[in-house]
Each structure stands twice: as C-alpha cells, then as structure tokens.
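Only one structure is covered here, and it is reproduced in the block below.
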Amino acid sequence: MRITKPEWLRHDGDKKKLSAIFSLDFHPDGTRLATSGMDNKIRLWSTQAISGSSDALKEQQQSLLSTLSSHSGAVLCVRFSHGDGRYLASGADDMVVLIWERDSSAMQGNLSPSEESWRPMRRLTGHESDVCDLAWSPDNRYLATCGLDNSVLIWDGATFERVAKLTGHEQFVKGLTFDPAGKYLATQSDDKTMRIWRTSDWAQHAVVRRPFEDNMFSTYFRRPSWSPDGDCVAAANAANGKVPVAAVISRNDWTADLSFVGHRAAIEAVRFNPRVFARADSQPACVCAAGGQDRGVSVWLTSQHMPIAAATHLFAGNLMDLAWHTVTSDAVDDSSVVAYLAACSYDGTVAMLEFTQAELGRPISAEDQEALLKRHGWIKRSEGSDDAAAEASKRPILVES
C-alpha cells in the first residue's frame with residue numbers, strides 16, 4: 001500500500017486556513033475526483049496529477065479542473081452517476097440537492113485544455129434541513145437523498161421529479177446505500193436503526209437494531225455501503241458493547257454476525273469497492289474500507305477476519321468520506337496497481353491509497369460479477385433506458401411511516 005497526500009489538494013480560499021472536506025467521489029472513468037467542503041464549493045481534480053509523477057504535482061493549476069459554486073451552504077455529499085458519469089449530484093446544508101452536468105458549450109470558450117465547466121441543470125428542493133448523504137441506484141433509475149429532517153427523498157433519475165418520501169426514521173438520517181441488485185435501499189439514522197426499503201413500492205421491508213443498541217457515539221455521518229455481490233451491507237457507527245465497529249449485515253436475515261473490529265473511535269463511513277476481487281489461492285471476495293474518528297483507515301476482505309491493510313493517524317481530524325476507483329486495464333504482475341482509495345478529513349486534507357494485485361487480487365470479470373447478482377434477482381437494464389424512465393415517472397408520490 002502506497003499513501004499520497006497532495007498538499008495542494010485543498011479547499012481554502014486564502015491558502016492560510018484549511019477548510020473541512022466532507023465528501024469525495026471518483027468519476028466512473030477514474031479521470032476526476034470530486035471533493036466538497038465547508039467553503040460551499042465542489043472542486044474537480046485530475047487523478048493523474050494526484051497519482052502521477054512529481055512534475056505533474058508542481059502547480060495546483062495543473063490539477064484543478066473546475067470549481068462549482070452554486071450552493072449557499074457547506075456541501076456535505078457528492079456522488080457521480082454510474083456508467084458514463086454524466087451527472088454529479090451534490091447535497092448541502094442549504095437544504096438543496098443540485099444535479100450538475102458538464103457544459104459542452106463552454107468548451108469553445110476561453111477555458112484552457114486542462115479546465116472544465118460544469119453547470120447545475122436541476123435544483124431539487126423538498127428537504128427541510130441539511131442534506132447529509134445521497135446515492136444513485138445501480139442503473140441510475142433513482143437518486144436517493146437523506147438529511148437532518150429525518151426523511152429520505154426518492155427522485156426519478158431521468159426527470160428528477162420526486163417519486164417518494166420515506167418517513168420511518170425518528171431522528172436524523174445520515175447515510176444511505178442502494179442494493180446493487182436493485183431490490184432495496186438501506187438507510188442509517190441517529191435513531192440507532194438501519195432500515196431496509198423495497199424499491200418496488202418503497203415500503204419498509206426490515207428494521208435492523210441490534211448492532212446499534214449499545215452505541216453511545218455521536219458522528220457527523222453514518223455512511224453505509226452495500227457489497228458489490230449483493231450479499232451484505234456494511235453499517236457505520238455500530239458497536240459491540242463499548243467497542244466501535246462496522247457491522248456487516250447479511251441480506252439473508254438482516255442480522256449482523258460479522259463486524260470489522262479494530263478502530264478505537266466511532267466509524268463515520270464505510271465503502272465497498274464496486275468490484276469483486278479474486279486471488280489465485282482463494283474464492284472471490286469483496287473489499288471494504290472503514291474510517292472515522294480515530295483518524296485512520298482500515299481495509300478488509302469479506303473472506304477474512306483481519307484487515308489486510310491499516311493506516312493509523314492518517315489525518316489530524318475525523319475522517320468524513322471514502323471513495324474507490326478500480327483500474328480496468330489488465331495487471332501486468334502482482335506489483336501492478338489495481339485500485340485507488342481516496343479518503344477526506346475534517347482537517348481539510350485528502351489521502352490517496354494505492355493497492356496492488358498482490359494485496360487485493362484481480363477484479364473478476366463483469367460477467368462473473370453479474371452472475372453473483374442474479375442470485376438476488378438482478379435483471380440487467382440499460383442505463384437511462386426509456387422504458388425504465390417511463391415506468392419510474394408513472395409512480396405516485398408515496399409517504400411511508
């Protein structure tokens with residue numbers, strides 16, 4: 001594992017005081033990293049500059065692609081849409097969700113070849129307090145958002161009209177994640193529950209309480225993540241007695257029989273790599289990262305009970321978010337980099353962790369990964385298909401309690 005912390009990757013305006021970075025996400029093609037922070041801005045960075053040679057790191061201007069500044073409050077979450085990454089969704093404490101799209105008309109203007117222009121093409125309102133987290137469904141059919149108004153809003157991924165409002169949680173909702181098989185949405189709240197919602201009718205399917213009942217920790221976020229094979233969902237800010245853990249909740253019965261143990265303070269975020277990996281000497285496994293208030297990161301394989309990597313004292317402030325990018329080109333040997341993990345912190349810095357084939361294994365083929373999802377009823381749909389968009393747009397607004 002190799003760790004890089006570019007000093008120029010920051011959100012401070014006057015270069016004197018670092019501004020907290022709350023969220024980050026890779027573009028699906030891996031060329032850009034989006035970060036958002038306390039300064040009310042979103043910044044897009046060149047990942048080649050972050051992980052490239054020293055010559056590429058000499059000037060911040062070579063790496064900063066764009067600054068997006070339409071929010072009037074701290075931007076708490078950013079996520080690119082799946083597939084071609086056409087959209088970037090952002091949520092902030094101004095209670096607004098913005099859908100950004102790259103402005104092709106600006107390419108003919110005065111921008112340099114290394115700069116990009118993104119414009120907010122939709123402004124989604126409906127939350128009555130801070131928007132803490134958001135997620136796209138696997139086929140971009142839906143966008144889910146949650147916040148400090150105790151609610152979850154579901155939006156049509158094509159028209160961006162509101163489809164449903166989920167109101168089962170009794171306290172702040174601080175994280176959510178979609179099932180890669182497309183059947184469920186999992187949400188986490190300060191009411192010490194994870195709730196599982198069916199995407200077919202947005203009714204509540206299950207309530208998970210046990211791994212959170214003993215939890216006395218307060219966190220900024222509770223960002224969960226669903227494994228790419230669909231078998232389980234990892235929950236942030238869980239506890240085993242007085243020990244902070246990330247609970248791994250089985251899809252079969254919604255119980256947490258496995259936990260990621262080792263962090264010394266509450267876990268703010270967990271994030272699975274979107275690909276399943278396989279080593280030559282073992283069965284395919286999912287890779288999950290966890291981090292939080294002990295300011296470190298741990299990386300786990302679901303097939304093992306110990307972390308395969310850990311970076312302690314990585315930051316001077318609490319970790320806020322995690323993001324993965326998997327290298328799709330064929331690895332030459334075990335020393336080839338197969339995945340990047342980005343982490344951001346309240347201290348205003350970003351760390352990039354590189355993993356080799358020797359550490360994680362090789363990503364299994366897309367066909368083999370789809371076969372794993374078919375066990376859970378997954379049906380392949382073309383992203384943004386007219387049929388899916390038309391069906392979604394016909395759904396009435398639902399209120400679940």
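To be explicit about the labels: the chains of the structure tokens are called A, B, and onward in the order shown, and within each one the residues are counted from 1, while ligands get numbers from 1 in the order they are shown.
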* DSSP says strand (DSSP E or B) for which residues of segment 302-394 of chain A? Put them as a ChimeraX atom specification? -> /A:309-311,319-326,337-345,350-356,362-363
Atoms to include: C-alpha atoms. Write the selected residues as a PDB file, in the first residue's frame.
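Saved file again19.pdb follows:
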ATOM      1  CA  ALA A 309      -4.222  -3.009   5.485  1.00  0.00           C
ATOM      2  CA  ALA A 310      -4.479  -0.221   8.041  1.00  0.00           C
ATOM      3  CA  ALA A 311      -3.234   3.370   8.097  1.00  0.00           C
ATOM      4  CA  LEU A 319     -12.363  11.066   8.506  1.00  0.00           C
ATOM      5  CA  MET A 320     -15.539  12.104   6.678  1.00  0.00           C
ATOM      6  CA  ASP A 321     -15.853  10.019   3.485  1.00  0.00           C
ATOM      7  CA  LEU A 322     -14.264   7.327   1.307  1.00  0.00           C
ATOM      8  CA  ALA A 323     -14.245   6.570  -2.427  1.00  0.00           C
ATOM      9  CA  TRP A 324     -12.828   3.765  -4.609  1.00  0.00           C
ATOM     10  CA  HIS A 325     -11.665   3.554  -8.203  1.00  0.00           C
ATOM     11  CA  THR A 326     -10.687   0.234  -9.802  1.00  0.00           C
ATOM     12  CA  VAL A 337      -1.880  -1.039  -9.085  1.00  0.00           C
ATOM     13  CA  VAL A 338      -5.441  -2.401  -9.295  1.00  0.00           C
ATOM     14  CA  ALA A 339      -7.341   0.063  -7.071  1.00  0.00           C
ATOM     15  CA  TYR A 340      -7.204   3.534  -5.550  1.00  0.00           C
ATOM     16  CA  LEU A 341      -8.894   4.513  -2.282  1.00  0.00           C
ATOM     17  CA  ALA A 342      -9.440   8.206  -1.539  1.00  0.00           C
ATOM     18  CA  ALA A 343     -10.258   9.499   1.937  1.00  0.00           C
ATOM     19  CA  CYS A 344     -11.076  13.018   3.115  1.00  0.00           C
ATOM     20  CA  SER A 345     -10.995  14.611   6.529  1.00  0.00           C
ATOM     21  CA  VAL A 350      -7.231  14.194   1.189  1.00  0.00           C
ATOM     22  CA  ALA A 351      -5.229  10.960   1.205  1.00  0.00           C
ATOM     23  CA  MET A 352      -4.881   8.592  -1.736  1.00  0.00           C
ATOM     24  CA  LEU A 353      -4.081   4.937  -1.039  1.00  0.00           C
ATOM     25  CA  GLU A 354      -2.866   2.644  -3.846  1.00  0.00           C
ATOM     26  CA  PHE A 355      -3.340  -1.126  -3.755  1.00  0.00           C
ATOM     27  CA  THR A 356      -1.574  -3.707  -5.886  1.00  0.00           C
ATOM     28  CA  ARG A 362      -7.538  -9.375  -9.597  1.00  0.00           C
ATOM     29  CA  PRO A 363     -11.044  -7.985 -10.292  1.00  0.00           C
TER      30      PRO A 363
END
Using only C-alpha atoms, tabulate the residues of segment 130-216 of chain A lying at most 8 Å from any atom of segment 86-101 of chain A, each with its closest atom pair and that distance in Å to one decimal, by chain and increasing residue number, as a tab-separated table.
residue	atom	partner	partner_atom	distance
A:Asp130	CA	A:Asp93	CA	3.9
A:Val131	CA	A:Gly91	CA	5.1
A:Cys132	CA	A:Gly91	CA	6.7
A:Asp133	CA	A:Gly91	CA	6.9
A:Leu134	CA	A:Gly91	CA	7.2
A:Thr145	CA	A:Gly91	CA	7.9
Take the residues that were just selected and, keeping N, CA and C atoms, output them as a compact mmCIF listing (two decimals), in the first residue's frame.
# COMPACT_ATOMS: atom_id res chain seq x y z
N ASP A 130 -30.43 20.13 6.58
CA ASP A 130 -29.21 19.74 5.88
C ASP A 130 -29.39 18.42 5.13
N VAL A 131 -28.87 18.34 3.92
CA VAL A 131 -28.82 17.09 3.15
C VAL A 131 -27.48 16.43 3.43
N CYS A 132 -27.51 15.28 4.12
CA CYS A 132 -26.29 14.64 4.62
C CYS A 132 -25.66 13.65 3.66
N ASP A 133 -26.49 12.95 2.87
CA ASP A 133 -25.94 11.90 2.02
C ASP A 133 -26.87 11.67 0.85
N LEU A 134 -26.34 11.07 -0.20
CA LEU A 134 -27.15 10.74 -1.38
C LEU A 134 -26.52 9.57 -2.10
N THR A 145 -31.87 10.75 -1.46
CA THR A 145 -31.21 11.75 -0.63
C THR A 145 -31.77 11.67 0.78
Here atom CA of Val208 of chain A and atom CA of Met194 of chain A stand apart by 5.0 Å
- request: Determine, counting only C-alpha atoms, which protein, DNA and RNA residues have an atom within 9 Å of an atom of segment 261-270 of chain A; residues of the same chain fewer than 4 positions away are not included. Present the result as a ChimeraX atom specification.
  value: /A:175,217-225,234-240,243-247,288-298,305-307,318-322
For the residues selected in the previous step, produce a file with C-alpha atoms as an mmCIF file, in the first residue's frame.
data_model
loop_
_atom_site.group_PDB
_atom_site.id
_atom_site.type_symbol
_atom_site.label_atom_id
_atom_site.label_comp_id
_atom_site.auth_asym_id
_atom_site.auth_seq_id
_atom_site.Cartn_x
_atom_site.Cartn_y
_atom_site.Cartn_z
ATOM 1 C CA GLY A 175 -26.380 7.840 5.328
ATOM 2 C CA PHE A 217 -21.094 7.522 19.893
ATOM 3 C CA SER A 218 -22.091 10.705 18.057
ATOM 4 C CA THR A 219 -20.944 11.147 14.469
ATOM 5 C CA TYR A 220 -21.245 13.665 11.655
ATOM 6 C CA PHE A 221 -22.317 10.917 9.259
ATOM 7 C CA ARG A 222 -23.377 7.275 9.209
ATOM 8 C CA ARG A 223 -22.398 6.361 5.650
ATOM 9 C CA PRO A 224 -23.186 2.656 4.930
ATOM 10 C CA SER A 225 -22.217 0.651 1.847
ATOM 11 C CA ALA A 234 -21.771 -2.677 5.944
ATOM 12 C CA ALA A 235 -23.045 -0.203 8.545
ATOM 13 C CA ALA A 236 -21.092 2.688 10.035
ATOM 14 C CA ASN A 237 -21.171 3.726 13.720
ATOM 15 C CA ALA A 238 -22.159 0.337 15.103
ATOM 16 C CA ALA A 239 -20.942 -1.059 18.417
ATOM 17 C CA ASN A 240 -20.080 -4.367 20.054
ATOM 18 C CA VAL A 243 -16.242 -1.183 21.153
ATOM 19 C CA PRO A 244 -16.862 0.819 17.941
ATOM 20 C CA VAL A 245 -17.235 -1.432 14.889
ATOM 21 C CA ALA A 246 -18.548 -1.526 11.351
ATOM 22 C CA ALA A 247 -21.299 -4.142 11.351
ATOM 23 C CA CYS A 288 -14.380 -2.729 2.135
ATOM 24 C CA ALA A 289 -12.733 0.334 3.673
ATOM 25 C CA ALA A 290 -13.721 1.880 7.015
ATOM 26 C CA GLY A 291 -12.690 5.087 8.755
ATOM 27 C CA GLY A 292 -13.829 7.585 11.310
ATOM 28 C CA GLN A 293 -12.963 9.463 14.446
ATOM 29 C CA ASP A 294 -9.683 7.709 15.220
ATOM 30 C CA ARG A 295 -8.461 9.416 12.014
ATOM 31 C CA GLY A 296 -7.297 6.222 10.358
ATOM 32 C CA VAL A 297 -8.419 3.828 7.613
ATOM 33 C CA SER A 298 -8.703 0.057 7.591
ATOM 34 C CA HIS A 305 -11.453 -11.704 9.883
ATOM 35 C CA MET A 306 -8.433 -9.379 9.982
ATOM 36 C CA PRO A 307 -7.800 -6.225 7.944
ATOM 37 C CA ASN A 318 -12.008 12.991 11.763
ATOM 38 C CA LEU A 319 -12.363 11.066 8.506
ATOM 39 C CA MET A 320 -15.539 12.104 6.678
ATOM 40 C CA ASP A 321 -15.853 10.019 3.485
ATOM 41 C CA LEU A 322 -14.264 7.327 1.307
#
Practice prompt. Would you mind writing down, as an MDAnalysis selection string, each residue of segment 47-270 of chain A that DSSP on the backbone assigns to helix (DSSP H, G or I)?
Written response: chainID A and resid 47:51 54:57 60:62 104:108 210:212
* Excluding same-chain residues fewer than 3 positions from Ala181 of chain A, what lies within 9 Å of it counting only C-alpha atoms, as a VMD selection string? -> chain A and resid 138 178 184 228 to 230 373 to 379
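The two atoms in question, atom CA of Asp330 of chain A and atom CA of Ile50 of chain A, are spaced 21.4 Å apart.
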*Counting only C-alpha atoms, what is within 9 Å of Asp84 of chain A, bar same-chain residues fewer than 3 positions away, as a ChimeraX atom specification?*
/A:27-29,81,87
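Omitting His169 of chain A and its sequence neighbours fewer than 4 positions away, and counting only C-alpha atoms, the residues within 9 Å are Asn150, Ser151, Val152, Val173, Thr187, Gln188, Ser189, Asp190, Asp191, Thr193, Met194, Arg195 and Ser401 of chain A.
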* Between atom CA of Ser365 of chain A and atom CA of Asn252 of chain A, what is the distance, to one decimal in Å? ->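 Taking atom CA of Ser365 of chain A as the start and atom CA of Asn252 of chain A as the end point, the length is 24.8 Å.
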Of the residues A:Leu153, A:Leu68, A:Ile196, A:Ala285, which is the one nearest to Trp254 of chain A, using only C-alpha atoms?
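When distances to Trp254 of chain A are compared using only C-alpha atoms, the smallest one comes from A:Ile196.
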Please identify all polymer residues within 10 Å of Met38 of chain A, counting only C-alpha atoms, omitting same-chain residues fewer than 3 positions from it, and present them as an mmCIF file with all heavy atoms, in the first residue's frame.
data_model
loop_
_atom_site.group_PDB
_atom_site.id
_atom_site.type_symbol
_atom_site.label_atom_id
_atom_site.label_comp_id
_atom_site.auth_asym_id
_atom_site.auth_seq_id
_atom_site.Cartn_x
_atom_site.Cartn_y
_atom_site.Cartn_z
ATOM 1 N N HIS A 11 -9.335 23.097 0.024
ATOM 2 C CA HIS A 11 -10.495 23.950 -0.243
ATOM 3 C C HIS A 11 -10.353 25.332 0.374
ATOM 4 O O HIS A 11 -11.334 26.060 0.481
ATOM 5 C CB HIS A 11 -11.772 23.292 0.286
ATOM 6 C CG HIS A 11 -12.422 22.353 -0.681
ATOM 7 N ND1 HIS A 11 -13.670 22.567 -1.236
ATOM 8 C CD2 HIS A 11 -12.000 21.171 -1.203
ATOM 9 C CE1 HIS A 11 -13.982 21.574 -2.037
ATOM 10 N NE2 HIS A 11 -12.987 20.699 -2.030
ATOM 11 N N ASP A 12 -9.174 25.718 0.808
ATOM 12 C CA ASP A 12 -9.002 27.042 1.397
ATOM 13 C C ASP A 12 -8.918 28.097 0.310
ATOM 14 O O ASP A 12 -8.280 27.909 -0.722
ATOM 15 C CB ASP A 12 -7.753 27.087 2.272
ATOM 16 C CG ASP A 12 -6.501 26.736 1.485
ATOM 17 O OD1 ASP A 12 -6.574 25.822 0.646
ATOM 18 O OD2 ASP A 12 -5.466 27.382 1.695
ATOM 19 N N LEU A 18 -7.030 25.750 6.300
ATOM 20 C CA LEU A 18 -7.694 24.669 5.583
ATOM 21 C C LEU A 18 -9.178 24.639 5.915
ATOM 22 O O LEU A 18 -9.579 24.836 7.067
ATOM 23 C CB LEU A 18 -7.059 23.330 5.950
ATOM 24 C CG LEU A 18 -5.626 23.089 5.454
ATOM 25 C CD1 LEU A 18 -5.087 21.790 6.029
ATOM 26 C CD2 LEU A 18 -5.587 23.048 3.943
ATOM 27 N N SER A 19 -10.011 24.371 4.908
ATOM 28 C CA SER A 19 -11.445 24.245 5.083
ATOM 29 C C SER A 19 -11.805 22.766 5.049
ATOM 30 O O SER A 19 -11.294 22.009 4.223
ATOM 31 C CB SER A 19 -12.173 25.000 3.961
ATOM 32 O OG SER A 19 -13.564 24.860 4.080
ATOM 33 N N ALA A 20 -12.680 22.339 5.950
ATOM 34 C CA ALA A 20 -13.044 20.928 6.067
ATOM 35 C C ALA A 20 -13.558 20.387 4.744
ATOM 36 O O ALA A 20 -14.308 21.049 4.023
ATOM 37 C CB ALA A 20 -14.101 20.750 7.150
ATOM 38 N N ILE A 21 -13.153 19.150 4.398
ATOM 39 C CA ILE A 21 -13.648 18.451 3.216
ATOM 40 C C ILE A 21 -14.551 17.327 3.699
ATOM 41 O O ILE A 21 -14.116 16.411 4.398
ATOM 42 C CB ILE A 21 -12.495 17.902 2.358
ATOM 43 C CG1 ILE A 21 -11.616 19.061 1.862
ATOM 44 C CG2 ILE A 21 -13.033 17.106 1.174
ATOM 45 C CD1 ILE A 21 -10.406 18.627 1.063
ATOM 46 N N PHE A 22 -15.845 17.403 3.346
ATOM 47 C CA PHE A 22 -16.839 16.489 3.880
ATOM 48 C C PHE A 22 -17.076 15.261 3.015
ATOM 49 O O PHE A 22 -17.512 14.232 3.523
ATOM 50 C CB PHE A 22 -18.178 17.213 4.056
ATOM 51 C CG PHE A 22 -18.177 18.233 5.165
ATOM 52 C CD1 PHE A 22 -18.394 19.571 4.893
ATOM 53 C CD2 PHE A 22 -17.946 17.852 6.472
ATOM 54 C CE1 PHE A 22 -18.395 20.507 5.914
ATOM 55 C CE2 PHE A 22 -17.937 18.780 7.506
ATOM 56 C CZ PHE A 22 -18.174 20.115 7.228
ATOM 57 N N LYS A 41 -18.221 24.895 -1.728
ATOM 58 C CA LYS A 41 -17.796 24.620 -3.100
ATOM 59 C C LYS A 41 -17.549 23.138 -3.338
ATOM 60 O O LYS A 41 -17.300 22.363 -2.411
ATOM 61 C CB LYS A 41 -16.536 25.412 -3.443
ATOM 62 C CG LYS A 41 -16.735 26.924 -3.509
ATOM 63 C CD LYS A 41 -15.436 27.627 -3.855
ATOM 64 C CE LYS A 41 -15.661 29.121 -4.099
ATOM 65 N NZ LYS A 41 -16.230 29.805 -2.924
ATOM 66 N N ILE A 42 -17.619 22.781 -4.616
ATOM 67 C CA ILE A 42 -17.208 21.466 -5.107
ATOM 68 C C ILE A 42 -16.023 21.696 -6.036
ATOM 69 O O ILE A 42 -16.052 22.621 -6.862
ATOM 70 C CB ILE A 42 -18.344 20.771 -5.877
ATOM 71 C CG1 ILE A 42 -19.590 20.628 -5.005
ATOM 72 C CG2 ILE A 42 -17.901 19.405 -6.399
ATOM 73 C CD1 ILE A 42 -20.847 20.327 -5.786
ATOM 74 N N GLY A 73 -24.406 26.867 1.146
ATOM 75 C CA GLY A 73 -24.016 26.279 2.421
ATOM 76 C C GLY A 73 -22.969 25.206 2.212
ATOM 77 O O GLY A 73 -22.639 24.846 1.071
ATOM 78 N N ALA A 74 -22.421 24.702 3.311
ATOM 79 C CA ALA A 74 -21.412 23.656 3.229
ATOM 80 C C ALA A 74 -21.949 22.456 2.456
ATOM 81 O O ALA A 74 -23.070 22.002 2.694
ATOM 82 C CB ALA A 74 -20.986 23.235 4.628
ATOM 83 N N VAL A 75 -21.143 21.940 1.522
ATOM 84 C CA VAL A 75 -21.565 20.816 0.681
ATOM 85 C C VAL A 75 -21.138 19.519 1.374
ATOM 86 O O VAL A 75 -19.950 19.251 1.522
ATOM 87 C CB VAL A 75 -20.960 20.905 -0.729
ATOM 88 C CG1 VAL A 75 -21.543 19.822 -1.617
ATOM 89 C CG2 VAL A 75 -21.218 22.283 -1.335
ATOM 90 N N LEU A 76 -22.123 18.725 1.785
ATOM 91 C CA LEU A 76 -21.871 17.576 2.647
ATOM 92 C C LEU A 76 -21.725 16.259 1.896
ATOM 93 O O LEU A 76 -21.238 15.281 2.474
ATOM 94 C CB LEU A 76 -23.008 17.447 3.675
ATOM 95 C CG LEU A 76 -23.251 18.686 4.550
ATOM 96 C CD1 LEU A 76 -24.402 18.420 5.517
ATOM 97 C CD2 LEU A 76 -21.996 19.090 5.303
ATOM 98 N N ALA A 92 -26.288 19.758 0.342
ATOM 99 C CA ALA A 92 -25.628 20.714 1.221
ATOM 100 C C ALA A 92 -26.514 21.101 2.387
ATOM 101 O O ALA A 92 -27.693 20.725 2.450
ATOM 102 C CB ALA A 92 -25.218 21.959 0.424
ATOM 103 N N ASP A 93 -25.938 21.896 3.309
ATOM 104 C CA ASP A 93 -26.749 22.338 4.436
ATOM 105 C C ASP A 93 -27.601 23.555 4.090
ATOM 106 O O ASP A 93 -28.217 24.155 4.973
ATOM 107 C CB ASP A 93 -25.889 22.580 5.683
ATOM 108 C CG ASP A 93 -24.913 23.730 5.553
ATOM 109 O OD1 ASP A 93 -25.011 24.495 4.579
ATOM 110 O OD2 ASP A 93 -24.053 23.877 6.448
ATOM 111 N N TYR A 346 -11.975 16.137 8.092
ATOM 112 C CA TYR A 346 -12.385 17.439 8.617
ATOM 113 C C TYR A 346 -11.191 18.391 8.709
ATOM 114 O O TYR A 346 -11.377 19.607 8.776
ATOM 115 C CB TYR A 346 -13.026 17.253 9.992
ATOM 116 C CG TYR A 346 -13.763 18.478 10.490
ATOM 117 C CD1 TYR A 346 -15.082 18.723 10.100
ATOM 118 C CD2 TYR A 346 -13.161 19.378 11.355
ATOM 119 C CE1 TYR A 346 -15.768 19.840 10.536
ATOM 120 C CE2 TYR A 346 -13.835 20.502 11.807
ATOM 121 C CZ TYR A 346 -15.139 20.730 11.399
ATOM 122 O OH TYR A 346 -15.812 21.847 11.843
ATOM 123 N N GLY A 348 -9.291 19.079 6.377
ATOM 124 C CA GLY A 348 -9.137 19.754 5.099
ATOM 125 C C GLY A 348 -8.159 19.108 4.147
ATOM 126 O O GLY A 348 -7.770 19.716 3.147
#
